file upload.txt (compact mmCIF, C-alpha atoms)
# COMPACT_ATOMS: atom_id res chain seq x y z
CA MET A 211 114.67 135.25 173.79
CA GLY A 212 115.78 137.26 176.81
CA ASP A 213 116.84 140.74 177.73
CA LYS A 214 120.54 139.81 177.71
CA LYS A 215 122.36 140.09 174.39
CA ALA A 216 125.67 138.65 173.26
CA MET A 217 127.64 138.84 170.03
CA VAL A 218 129.97 136.00 169.07
CA LEU A 219 132.44 136.96 166.36
CA VAL A 220 133.45 134.44 163.70
CA ALA A 221 135.89 134.43 160.80
CA ASP A 222 137.46 131.81 158.56
CA GLY A 223 139.58 129.58 160.79
CA THR A 224 137.51 130.10 163.94
CA GLU A 225 137.64 127.07 166.25
CA GLU A 226 134.19 125.55 165.80
CA MET A 227 133.82 123.85 169.19
CA GLU A 228 134.57 127.10 171.00
CA ALA A 229 132.14 129.08 168.85
CA VAL A 230 129.27 126.58 168.86
CA ILE A 231 129.52 125.63 172.54
CA VAL A 232 129.47 129.31 173.57
CA ILE A 233 126.55 130.10 171.24
CA ASP A 234 124.60 127.03 172.38
CA VAL A 235 125.16 127.47 176.14
CA LEU A 236 124.33 131.18 176.03
CA ARG A 237 121.12 130.45 174.10
CA ARG A 238 120.19 127.74 176.63
CA ALA A 239 120.49 130.46 179.28
CA GLY A 240 118.05 132.63 177.33
CA VAL A 241 120.63 135.05 175.93
CA ASN A 242 119.83 136.59 172.55
CA VAL A 243 123.02 135.62 170.65
CA THR A 244 124.05 137.20 167.36
CA VAL A 245 126.75 135.35 165.42
CA ALA A 246 128.59 138.11 163.56
CA GLY A 247 130.85 137.48 160.59
CA ILE A 248 133.91 139.73 160.57
CA GLU A 249 134.34 139.11 156.86
CA GLY A 250 130.66 139.40 155.91
CA ASP A 251 127.57 137.24 156.31
CA LYS A 252 128.70 134.41 154.00
CA PRO A 253 129.38 130.98 155.53
CA ILE A 254 132.79 130.70 157.19
CA THR A 255 134.98 127.61 157.17
CA CYS A 256 136.18 126.80 160.67
CA SER A 257 139.52 125.31 161.68
CA ARG A 258 138.29 121.72 161.23
CA GLN A 259 136.33 122.46 158.03
CA VAL A 260 132.92 122.80 159.72
CA LYS A 261 130.92 125.57 158.08
CA ILE A 262 129.04 128.18 160.13
CA VAL A 263 126.62 130.70 158.68
CA PRO A 264 126.76 134.01 160.59
CA ASP A 265 123.45 135.62 161.54
CA ALA A 266 124.76 138.92 160.15
CA ASP A 267 127.88 140.73 159.03
CA ILE A 268 129.57 142.79 161.74
CA ALA A 269 128.18 146.15 160.58
CA THR A 270 124.60 144.87 160.62
CA ALA A 271 125.13 143.13 163.97
CA LEU A 272 126.40 146.35 165.53
CA GLN A 273 123.12 148.09 164.68
CA THR A 274 121.36 145.95 167.30
CA GLY A 275 123.92 146.68 170.05
CA PRO A 276 125.05 147.42 172.60
CA TYR A 277 125.72 143.85 173.72
CA ASP A 278 126.05 142.64 177.30
CA ALA A 279 128.88 140.36 176.14
CA ILE A 280 131.12 140.18 173.10
CA VAL A 281 132.92 136.87 172.69
CA LEU A 282 135.89 135.92 170.53
CA PRO A 283 136.36 132.20 169.92
CA GLY A 284 139.86 130.96 169.18
CA GLY A 285 141.45 129.19 166.28
CA MET A 286 144.73 130.78 165.23
CA GLN A 287 143.56 131.94 161.79
CA GLY A 288 140.34 133.45 163.15
CA ALA A 289 142.15 135.06 166.10
CA THR A 290 144.70 136.58 163.71
CA THR A 291 141.83 138.03 161.65
CA PHE A 292 140.36 139.55 164.84
CA ALA A 293 143.80 140.95 165.72
CA LYS A 294 144.12 142.70 162.34
CA ALA A 295 140.56 144.06 162.12
CA SER A 296 140.15 147.69 163.19
CA VAL A 297 136.40 147.12 163.66
CA VAL A 298 137.23 144.54 166.35
CA LYS A 299 139.45 147.08 168.10
CA ASP A 300 136.67 149.66 167.95
CA ILE A 301 133.91 147.41 169.30
CA LEU A 302 136.07 145.82 172.01
CA SER A 303 137.40 149.22 173.12
CA GLU A 304 133.85 150.55 173.47
CA GLN A 305 132.73 147.32 175.20
CA ASN A 306 135.62 147.47 177.66
CA GLN A 307 135.17 151.20 178.39
CA ALA A 308 131.51 150.55 179.20
CA GLN A 309 132.61 147.71 181.52
CA ARG A 310 130.51 145.19 179.60
CA ILE A 311 131.76 141.61 179.26
CA VAL A 312 134.62 140.82 176.88
CA GLY A 313 135.22 137.08 176.41
CA ALA A 314 138.16 135.46 174.62
CA ILE A 315 139.17 131.80 174.46
CA CYS A 316 142.16 129.86 173.11
CA ALA A 317 144.22 132.02 170.73
CA ALA A 318 141.72 134.92 170.77
CA PRO A 319 143.48 136.84 173.59
CA ILE A 320 146.14 137.75 170.99
CA ALA A 321 143.50 140.08 169.51
CA LEU A 322 143.22 141.84 172.88
CA LYS A 323 146.99 142.31 172.92
CA ALA A 324 147.11 143.47 169.28
CA HIS A 325 144.52 146.14 170.07
CA GLY A 326 146.11 147.13 173.41
CA LEU A 327 143.04 146.13 175.41
CA CYS A 328 142.76 145.06 179.05
CA LEU A 329 146.53 145.32 179.61
CA GLY A 330 147.55 144.45 183.16
CA LYS A 331 144.50 142.25 183.73
CA SER A 332 144.68 138.55 184.56
CA LEU A 333 143.94 136.18 181.71
CA THR A 334 144.62 132.75 180.27
CA SER A 335 144.83 131.34 176.74
CA TYR A 336 145.88 128.36 174.71
CA PRO A 337 149.33 127.59 176.19
CA ALA A 338 151.17 128.02 172.86
CA VAL A 339 150.19 131.72 172.61
CA LYS A 340 151.29 132.57 176.18
CA PRO A 341 154.60 134.12 174.93
CA GLU A 342 152.58 136.61 172.84
CA LEU A 343 150.68 137.89 175.89
CA GLU A 344 153.25 139.98 177.72
CA GLY A 345 151.65 142.84 179.60
CA TYR A 346 149.03 140.62 181.24
CA ASN A 347 149.00 138.72 184.51
CA TYR A 348 149.02 135.23 182.96
CA SER A 349 147.29 132.35 184.72
CA GLU A 350 147.28 128.61 184.00
CA ALA A 351 143.65 128.30 185.19
CA LYS A 352 141.03 126.88 182.81
CA VAL A 353 138.93 130.05 183.08
CA VAL A 354 140.03 133.44 184.39
CA LYS A 355 137.67 136.30 185.24
CA ASP A 356 139.15 139.72 185.95
CA GLY A 357 136.43 142.34 186.16
CA ASN A 358 134.60 142.38 182.82
CA LEU A 359 137.26 140.21 181.09
CA ILE A 360 136.67 136.44 180.91
CA THR A 361 139.24 134.20 179.20
CA SER A 362 139.76 130.47 178.79
CA GLN A 363 142.25 127.98 177.35
CA GLY A 364 140.73 126.02 174.48
CA PRO A 365 138.21 123.48 173.15
CA GLY A 366 138.33 121.33 176.29
CA THR A 367 137.49 124.31 178.50
CA ALA A 368 134.74 125.74 176.27
CA PHE A 369 131.87 124.54 178.51
CA ASP A 370 133.53 126.03 181.60
CA PHE A 371 134.08 129.26 179.65
CA ALA A 372 130.50 129.42 178.39
CA LEU A 373 129.12 128.76 181.88
CA ALA A 374 131.38 131.49 183.33
CA LEU A 375 129.83 133.85 180.77
CA VAL A 376 126.33 132.76 181.87
CA GLU A 377 127.24 133.38 185.52
CA ALA A 378 128.64 136.83 184.69
CA LEU A 379 125.52 137.75 182.71
CA PHE A 380 123.08 136.40 185.31
CA ASP A 381 124.22 134.64 188.52
CA LYS A 382 125.44 131.31 189.88
CA GLU A 383 121.88 129.94 190.10
CA LYS A 384 121.37 130.50 186.35
CA ARG A 385 124.75 128.87 185.65
CA ASP A 386 123.72 125.79 187.66
CA GLU A 387 120.29 125.73 186.02
CA VAL A 388 121.88 125.65 182.55
CA ALA A 389 124.66 123.19 183.47
CA LYS A 390 122.50 120.54 185.14
CA PRO A 391 120.53 119.23 182.11
CA MET A 392 123.78 119.20 180.09
CA LEU A 393 125.26 116.87 182.75
CA ILE A 394 128.14 119.22 183.49
call {"tool": "encode", "arguments": {"input": "upload.txt", "output": "structure tokens"}}
result
Amino acid sequence: MGDKKAMVLVADGTEEMEAVIVIDVLRRAGVNVTVAGIEGDKPITCSRQVKIVPDADIATALQTGPYDAIVLPGGMQGATTFAKASVVKDILSEQNQAQRIVGAICAAPIALKAHGLCLGKSLTSYPAVKPELEGYNYSEAKVVKDGNLITSQGPGTAFDFALALVEALFDKEKRDEVAKPMLI
């Protein structure tokens, strides 16, 4: 599609609205999106029983990197898987060091905390996981951008989150161009 590349991680229990809205909006913007399965390339069962088939397993997806953005959708089970996976720590550490975009929505910021990433930065999350995010400058905003880190609160803020990613990858004009036909 375009020159910009993004990887959206998925695992069993990923929140499907957050994953699909991000994937869809980024693709509408012309971003080449790879949906990478943390647990392999087999279909995953999301938090509301929707099934998503990853484009590739994480190891295969990494062969086509680096990515301009790496995005972690929420869903407590999926976020917990991200938090426990050393490969997620490795790829997010490298992404953050290179100052490329790291996106996390809903419960996914717990994976940042688990891996000791972006400490001291401003972020937001699903309100119930706020107590687990000590060490960050917590905000109640729907979407928070602090440098290369973009975070958001949950399913209802997924469009705002996805459009913030588009703006960070391109510019405000591209964001508006993508939002308008979606009636946002």
call {"tool": "closest_atom_pairs", "arguments": {"input": "upload.txt", "of": "range 302-325 of chain A", "to": "range 217-237 of chain A", "cutoff": "10 Å", "atoms": "only C-alpha atoms", "output": "CSV"}}
result
residue,atom,partner,partner_atom,distance
A:Val312,CA,A:Met217,CA,10.0
A:Gly313,CA,A:Val218,CA,9.1
A:Ala314,CA,A:Glu228,CA,9.8
A:Ile315,CA,A:Glu228,CA,7.4
A:Cys316,CA,A:Glu228,CA,8.3
A:Ala317,CA,A:Glu225,CA,9.4
A:Ala318,CA,A:Thr224,CA,9.4
call {"tool": "residues_around", "arguments": {"input": "upload.txt", "residues": "Phe380 in chain A", "least_positions_apart": "5", "cutoff": "9 Å", "atoms": "only C-alpha atoms", "output": "number ranges by chain"}}
result
A: 214, 239, 375, 385
call {"tool": "write_last_selection", "arguments": {"input": "upload.txt", "atoms": "C-alpha atoms", "output": "short mmCIF file (atom, residue, chain, number, x, y, z; two decimals), keeping the file's coordinate frame"}}
result
data_model
loop_
_atom_site.label_atom_id
_atom_site.label_comp_id
_atom_site.auth_asym_id
_atom_site.auth_seq_id
_atom_site.Cartn_x
_atom_site.Cartn_y
_atom_site.Cartn_z
CA LYS A 214 120.54 139.81 177.71
CA ALA A 239 120.49 130.46 179.28
CA LEU A 375 129.83 133.85 180.77
CA ARG A 385 124.75 128.87 185.65
#
call {"tool": "closest_atom_pairs", "arguments": {"input": "upload.txt", "of": "range 259-303 of chain A", "to": "range 352-371 of chain A", "cutoff": "10 Å", "atoms": "all atoms listed in the file", "output": "JSON lines"}}
result
{"residue": "A:Ala279", "atom": "CA", "partner": "A:Asn358", "partner_atom": "CA", "distance": 9.0}
{"residue": "A:Val281", "atom": "CA", "partner": "A:Ile360", "partner_atom": "CA", "distance": 9.0}
{"residue": "A:Leu282", "atom": "CA", "partner": "A:Thr361", "partner_atom": "CA", "distance": 9.5}
{"residue": "A:Pro283", "atom": "CA", "partner": "A:Gly364", "partner_atom": "CA", "distance": 8.8}
{"residue": "A:Gly284", "atom": "CA", "partner": "A:Gly364", "partner_atom": "CA", "distance": 7.3}
{"residue": "A:Gly285", "atom": "CA", "partner": "A:Gly364", "partner_atom": "CA", "distance": 8.8}
call {"tool": "atom_distance", "arguments": {"input": "upload.txt", "atom1": "CA of Glu377 in chain A", "atom2": "CA of Ala351 in chain A"}}
result
17.2 Å
call {"tool": "atom_distance", "arguments": {"input": "upload.txt", "atom1": "CA of Glu304 in chain A", "atom2": "CA of Leu333 in chain A"}}
result
19.4 Å
call {"tool": "residues_near_point", "arguments": {"input": "upload.txt", "point": "(148.7, 138.7, 185.6)", "cutoff": "8 Å", "atoms": "only C-alpha atoms", "output": "list of chain:residue names"}}
result
A:Gly330, A:Lys331, A:Ser332, A:Leu333, A:Gly345, A:Tyr346, A:Asn347, A:Tyr348, A:Ser349
call {"tool": "closest_residue", "arguments": {"input": "upload.txt", "among": "A:Pro319, A:Arg238, A:Ala293, A:Lys215", "to": "Ala372 in chain A", "atoms": "all atoms listed in the file"}}
result
A:Arg238
call {"tool": "closest_residue", "arguments": {"input": "upload.txt", "among": "A:Ile320, A:Ala269, A:Cys328, A:Met392", "to": "Val297 in chain A", "atoms": "all atoms listed in the file"}}
result
A:Ala269
call {"tool": "atom_distance", "arguments": {"input": "upload.txt", "atom1": "CA of Lys294 in chain A", "atom2": "CA of Leu373 in chain A"}}
result
28.3 Å
call {"tool": "closest_residue", "arguments": {"input": "upload.txt", "among": "A:Ala374, A:Val241, A:Ile248, A:Leu329", "to": "Asp278 in chain A", "atoms": "all atoms listed in the file"}}
result
A:Val241
call {"tool": "build_atoms", "arguments": {"input": "upload.txt", "residues": "range 216-241 of chain A", "atoms": "N, CA and C atoms", "output": "CSV table (one decimal), in the coordinates of the input"}}
result
chain,number,residue,atom,x,y,z
A,216,ALA,N,124.3,138.9,173.5
A,216,ALA,CA,125.7,138.6,173.3
A,216,ALA,C,126.0,138.6,171.8
A,217,MET,N,127.2,139.0,171.4
A,217,MET,CA,127.6,138.8,170.0
A,217,MET,C,128.9,137.9,170.0
A,218,VAL,N,128.8,136.9,169.2
A,218,VAL,CA,130.0,136.0,169.1
A,218,VAL,C,130.5,136.3,167.7
A,219,LEU,N,131.8,136.7,167.6
A,219,LEU,CA,132.4,137.0,166.4
A,219,LEU,C,133.0,135.7,165.7
A,220,VAL,N,132.9,135.6,164.4
A,220,VAL,CA,133.4,134.4,163.7
A,220,VAL,C,134.1,134.9,162.4
A,221,ALA,N,135.1,134.2,162.0
A,221,ALA,CA,135.9,134.4,160.8
A,221,ALA,C,136.4,133.1,160.3
A,222,ASP,N,136.8,133.0,159.1
A,222,ASP,CA,137.5,131.8,158.6
A,222,ASP,C,138.6,131.4,159.5
A,223,GLY,N,138.6,130.1,159.9
A,223,GLY,CA,139.6,129.6,160.8
A,223,GLY,C,139.2,129.6,162.2
A,224,THR,N,138.0,130.1,162.6
A,224,THR,CA,137.5,130.1,163.9
A,224,THR,C,137.4,128.6,164.4
A,225,GLU,N,137.7,128.4,165.7
A,225,GLU,CA,137.6,127.1,166.2
A,225,GLU,C,136.2,126.8,166.5
A,226,GLU,N,135.6,125.8,165.8
A,226,GLU,CA,134.2,125.6,165.8
A,226,GLU,C,133.6,125.1,167.1
A,227,MET,N,134.3,124.3,167.9
A,227,MET,CA,133.8,123.8,169.2
A,227,MET,C,133.6,125.1,170.1
A,228,GLU,N,134.6,125.9,170.1
A,228,GLU,CA,134.6,127.1,171.0
A,228,GLU,C,133.4,128.0,170.6
A,229,ALA,N,133.2,128.2,169.3
A,229,ALA,CA,132.1,129.1,168.8
A,229,ALA,C,130.8,128.5,169.2
A,230,VAL,N,130.6,127.2,168.7
A,230,VAL,CA,129.3,126.6,168.9
A,230,VAL,C,128.9,126.3,170.3
A,231,ILE,N,129.8,125.9,171.1
A,231,ILE,CA,129.5,125.6,172.5
A,231,ILE,C,129.1,126.9,173.2
A,232,VAL,N,129.8,128.0,173.0
A,232,VAL,CA,129.5,129.3,173.6
A,232,VAL,C,128.1,129.8,173.1
A,233,ILE,N,127.9,129.7,171.8
A,233,ILE,CA,126.6,130.1,171.2
A,233,ILE,C,125.4,129.3,171.9
A,234,ASP,N,125.6,128.0,171.9
A,234,ASP,CA,124.6,127.0,172.4
A,234,ASP,C,124.3,127.3,173.9
A,235,VAL,N,125.3,127.3,174.7
A,235,VAL,CA,125.2,127.5,176.1
A,235,VAL,C,124.5,128.8,176.5
A,236,LEU,N,125.0,129.9,175.8
A,236,LEU,CA,124.3,131.2,176.0
A,236,LEU,C,122.9,131.2,175.6
A,237,ARG,N,122.5,130.5,174.5
A,237,ARG,CA,121.1,130.4,174.1
A,237,ARG,C,120.3,129.6,175.1
A,238,ARG,N,120.9,128.5,175.6
A,238,ARG,CA,120.2,127.7,176.6
A,238,ARG,C,119.9,128.6,177.9
A,239,ALA,N,120.7,129.6,178.1
A,239,ALA,CA,120.5,130.5,179.3
A,239,ALA,C,119.5,131.6,179.0
A,240,GLY,N,119.0,131.6,177.7
A,240,GLY,CA,118.0,132.6,177.3
A,240,GLY,C,118.7,133.9,176.8
A,241,VAL,N,120.0,133.9,176.5
A,241,VAL,CA,120.6,135.0,175.9
A,241,VAL,C,120.3,135.1,174.4
